[in-house]
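First up is the structure itself, then whatever we jot down about it.
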Amino acid sequence: MTRRLPTIHRITEHDAGPYRLERLELEFANGERRNYERLHGRGHGAVIVVPMLDADTVLLVREYAAGMHRYELGLVKGRIDAGETALQAADRELKEEAGFGARSLTLLRDLTLAPTYMSHTAQLVIARDLYPERLPGDEPEELEVIPWKLDALHELILREDFSEGRSIAALFIAREWLRMQA
């Protein structure tokens, strides 16, 4: 079924730190009126990187996650700086967070974080043919880099310290894409 998008009657904006909060006054096709709120990120977007050490091994990073107040395993990720493409940002973030550059970078798709109330997307990038290179980053401490075999993904997703949905989705998407390329 294809539905007509709700009519936006009014948008009010509020500053919310790194985000802009919008309040939408909507009217749905059935005449129902509701107020919705959504967050818009400031900046140029973000990347999430699946760095492949070899055909079977992904590199994960362990970093402090303030939202959960614990150390969390996940993929390399970060903001796209002004003037950068997603692939340039992916390579830079990989160098800053994991200490590797990539000779091959492939953009796979966008991932949303919480599309019911956020406009934020991260562009999923596969990084292959890695070589050692480190750039200074903005992390307060060096991140631990952990190689993980893709055929052990079923073990990784059950770990308490690997809970970020984008990283989980990205690894499954990357694994299937890599299988199709083989």
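Chain labels A, B, ... are given in the sequence in which chains occur in the structure tokens; within each chain residues are numbered consecutively from 1, and ligands are likewise numbered from 1 in the order shown.
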Just the residues within 10 Å of Ala82 in chain A, please, counting only C-alpha atoms, with nothing from its chain fewer than 3 positions along; format it as a PDB file with all heavy atoms, in the first residue's frame.
```pdb
ATOM      1  N   GLY A  43      26.082  19.278  10.706  1.00  0.00           N
ATOM      2  CA  GLY A  43      27.293  18.776  10.087  1.00  0.00           C
ATOM      3  C   GLY A  43      27.034  18.172   8.728  1.00  0.00           C
ATOM      4  O   GLY A  43      26.036  18.464   8.065  1.00  0.00           O
ATOM      5  N   HIS A  44      27.921  17.263   8.338  1.00  0.00           N
ATOM      6  CA  HIS A  44      27.946  16.749   6.967  1.00  0.00           C
ATOM      7  C   HIS A  44      27.687  15.253   6.883  1.00  0.00           C
ATOM      8  O   HIS A  44      27.971  14.637   5.869  1.00  0.00           O
ATOM      9  CB  HIS A  44      29.289  17.092   6.325  1.00  0.00           C
ATOM     10  CG  HIS A  44      29.598  18.557   6.402  1.00  0.00           C
ATOM     11  ND1 HIS A  44      29.043  19.476   5.540  1.00  0.00           N
ATOM     12  CD2 HIS A  44      30.351  19.264   7.276  1.00  0.00           C
ATOM     13  CE1 HIS A  44      29.454  20.686   5.858  1.00  0.00           C
ATOM     14  NE2 HIS A  44      30.245  20.589   6.908  1.00  0.00           N
ATOM     15  N   GLY A  45      27.181  14.662   7.965  1.00  0.00           N
ATOM     16  CA  GLY A  45      26.900  13.233   7.954  1.00  0.00           C
ATOM     17  C   GLY A  45      27.977  12.445   8.664  1.00  0.00           C
ATOM     18  O   GLY A  45      28.877  13.002   9.299  1.00  0.00           O
ATOM     19  N   ARG A  79      32.317  11.365  12.095  1.00  0.00           N
ATOM     20  CA  ARG A  79      31.697  12.408  11.278  1.00  0.00           C
ATOM     21  C   ARG A  79      32.457  12.635   9.978  1.00  0.00           C
ATOM     22  O   ARG A  79      33.666  12.455   9.913  1.00  0.00           O
ATOM     23  CB  ARG A  79      31.658  13.720  12.040  1.00  0.00           C
ATOM     24  CG  ARG A  79      30.732  13.693  13.215  1.00  0.00           C
ATOM     25  CD  ARG A  79      30.703  15.028  13.891  1.00  0.00           C
ATOM     26  NE  ARG A  79      29.783  14.957  15.017  1.00  0.00           N
ATOM     27  CZ  ARG A  79      29.707  15.862  15.953  1.00  0.00           C
ATOM     28  NH1 ARG A  79      30.482  16.919  15.924  1.00  0.00           N
ATOM     29  NH2 ARG A  79      28.857  15.720  16.940  1.00  0.00           N
ATOM     30  N   THR A  85      34.561  13.668   1.214  1.00  0.00           N
ATOM     31  CA  THR A  85      33.580  12.688   0.756  1.00  0.00           C
ATOM     32  C   THR A  85      33.449  11.625   1.847  1.00  0.00           C
ATOM     33  O   THR A  85      34.284  11.552   2.763  1.00  0.00           O
ATOM     34  CB  THR A  85      34.025  12.008  -0.549  1.00  0.00           C
ATOM     35  OG1 THR A  85      35.187  11.213  -0.273  1.00  0.00           O
ATOM     36  CG2 THR A  85      34.305  13.031  -1.649  1.00  0.00           C
ATOM     37  N   ALA A  89      36.396  10.398   4.468  1.00  0.00           N
ATOM     38  CA  ALA A  89      36.148  10.376   5.912  1.00  0.00           C
ATOM     39  C   ALA A  89      36.370   8.972   6.474  1.00  0.00           C
ATOM     40  O   ALA A  89      36.947   8.810   7.555  1.00  0.00           O
ATOM     41  CB  ALA A  89      34.731  10.848   6.207  1.00  0.00           C
TER      42      ALA A  89
END
```
Each range 120-156 of chain A residue no farther than 7 Å from range 92-116 of chain A, nearest pair in Å, only C-alpha atoms, as a Markdown table:
```
| residue | atom | partner | partner_atom | distance |
| --- | --- | --- | --- | --- |
| A:His120 | CA | A:Thr112 | CA | 6.1 |
| A:Thr121 | CA | A:Thr112 | CA | 4.5 |
| A:Ala122 | CA | A:Leu111 | CA | 5.2 |
| A:Gln123 | CA | A:Asp110 | CA | 4.4 |
| A:Leu124 | CA | A:Arg109 | CA | 5.4 |
| A:Val125 | CA | A:Leu107 | CA | 4.5 |
| A:Ile126 | CA | A:Thr106 | CA | 5.2 |
| A:Ala127 | CA | A:Leu105 | CA | 4.6 |
| A:Arg128 | CA | A:Ser104 | CA | 5.0 |
| A:Asp129 | CA | A:Arg103 | CA | 5.3 |
| A:Leu130 | CA | A:Ala102 | CA | 4.4 |
| A:Tyr131 | CA | A:Gly101 | CA | 5.4 |
| A:Pro132 | CA | A:Phe100 | CA | 4.4 |
| A:Glu133 | CA | A:Phe100 | CA | 4.7 |
| A:Arg134 | CA | A:Gly99 | CA | 4.2 |
| A:Leu135 | CA | A:Glu96 | CA | 4.7 |
| A:Pro136 | CA | A:Glu96 | CA | 5.5 |
| A:Gly137 | CA | A:Glu96 | CA | 4.8 |
| A:Leu143 | CA | A:Glu97 | CA | 6.2 |
| A:Val145 | CA | A:Ala98 | CA | 6.0 |
```
Taking only residues of range 101-157 of chain A that have an atom at most 6 Å from an atom of range 53-73 of chain A, what is each one's shortest atom pair and its distance in Å to one decimal, using only C-alpha atoms, in chain and number order, as a tab-separated table?
```
residue	atom	partner	partner_atom	distance
A:Leu143	CA	A:Glu63	CA	5.7
A:Glu144	CA	A:Arg62	CA	5.2
A:Val145	CA	A:Val61	CA	4.6
A:Ile146	CA	A:Leu60	CA	5.0
A:Pro147	CA	A:Leu59	CA	4.5
A:Trp148	CA	A:Val58	CA	5.3
A:Lys149	CA	A:Thr57	CA	4.4
A:Leu150	CA	A:Asp56	CA	5.7
```
- Query: Could you pull the residues within 8 Å of Tyr117 in chain A, counting only C-alpha atoms, minus those fewer than 5 positions along the same chain, as an NGL selection string?
  - Reply: :A and (37-39)
With all heavy atoms retained, write the just-selected residues as a tab-separated table (two decimals), in the first residue's frame.
```
chain	number	residue	atom	x	y	z
A	37	GLU	N	8.10	15.12	16.94
A	37	GLU	CA	9.39	15.78	17.11
A	37	GLU	C	10.45	14.95	16.41
A	37	GLU	O	10.36	13.72	16.37
A	37	GLU	CB	9.74	15.93	18.60
A	37	GLU	CG	8.83	16.90	19.30
A	37	GLU	CD	9.17	17.04	20.78
A	37	GLU	OE1	9.82	16.14	21.34
A	37	GLU	OE2	8.79	18.06	21.36
A	38	ARG	N	11.44	15.64	15.83
A	38	ARG	CA	12.55	14.94	15.20
A	38	ARG	C	13.83	15.72	15.44
A	38	ARG	O	13.81	16.95	15.60
A	38	ARG	CB	12.32	14.72	13.72
A	38	ARG	CG	12.27	15.97	12.87
A	38	ARG	CD	12.00	15.65	11.42
A	38	ARG	NE	11.88	16.88	10.63
A	38	ARG	CZ	11.39	16.93	9.42
A	38	ARG	NH1	10.99	15.83	8.82
A	38	ARG	NH2	11.32	18.08	8.78
A	39	LEU	N	14.93	15.00	15.45
A	39	LEU	CA	16.25	15.59	15.62
A	39	LEU	C	16.98	15.60	14.29
A	39	LEU	O	16.99	14.59	13.58
A	39	LEU	CB	17.08	14.78	16.62
A	39	LEU	CG	16.62	14.82	18.07
A	39	LEU	CD1	17.42	13.82	18.89
A	39	LEU	CD2	16.76	16.20	18.65
```
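Near Pro18 in chain A, within 9 Å and counting only C-alpha atoms, sit His40, Gly41, Arg42 and Gly43 of chain A, not including residues fewer than 5 positions from it in the same chain.
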Those residues you just picked out, can you put them in a file as a PDB file, in the first residue's frame with N, CA, C and O atoms?
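See selection_24.pdb below for the written result:
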```pdb
ATOM      1  N   HIS A  40      17.549  16.734  13.949  1.00  0.00           N
ATOM      2  CA  HIS A  40      18.412  16.860  12.771  1.00  0.00           C
ATOM      3  C   HIS A  40      19.826  17.068  13.275  1.00  0.00           C
ATOM      4  O   HIS A  40      20.081  17.946  14.108  1.00  0.00           O
ATOM      5  N   GLY A  41      20.755  16.274  12.768  1.00  0.00           N
ATOM      6  CA  GLY A  41      22.149  16.470  13.132  1.00  0.00           C
ATOM      7  C   GLY A  41      22.715  17.690  12.443  1.00  0.00           C
ATOM      8  O   GLY A  41      22.245  18.111  11.388  1.00  0.00           O
ATOM      9  N   ARG A  42      23.700  18.259  13.063  1.00  0.00           N
ATOM     10  CA  ARG A  42      24.425  19.364  12.435  1.00  0.00           C
ATOM     11  C   ARG A  42      25.666  18.760  11.790  1.00  0.00           C
ATOM     12  O   ARG A  42      26.228  17.815  12.282  1.00  0.00           O
ATOM     13  N   GLY A  43      26.082  19.278  10.706  1.00  0.00           N
ATOM     14  CA  GLY A  43      27.293  18.776  10.087  1.00  0.00           C
ATOM     15  C   GLY A  43      27.034  18.172   8.728  1.00  0.00           C
ATOM     16  O   GLY A  43      26.036  18.464   8.065  1.00  0.00           O
TER      17      GLY A  43
END
```
Residues within 9 Å of Phe162 in chain A, only C-alpha atoms, excluding chain neighbours under 4 positions, as JSON, numbers by chain:
{"A": [72, 73, 74, 156, 157, 158, 167, 168]}
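Picture a line from CA of Glu25 in chain A to CA of His9 in chain A; it runs 5.4 Å.
Between Leu21 in chain A and the candidates A:Met118, A:Val50, A:Ala169, A:Leu153, the tightest atom-to-atom separation, counting only C-alpha atoms, involves A:Met118.
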Restricting to only C-alpha atoms, whichever of A:Asp15, A:Arg23, A:Pro51, A:Glu155 is closest to Ala170 in chain A is A:Pro51
List every residue of chain A that DSSP, applied to the backbone, labels as strand (DSSP E), and write the result as a PyMOL selection string.
-> chain A and resi 7-16+19-27+33-41+46-54+57-65+70-74+76-79+100-112+121-132+144-149
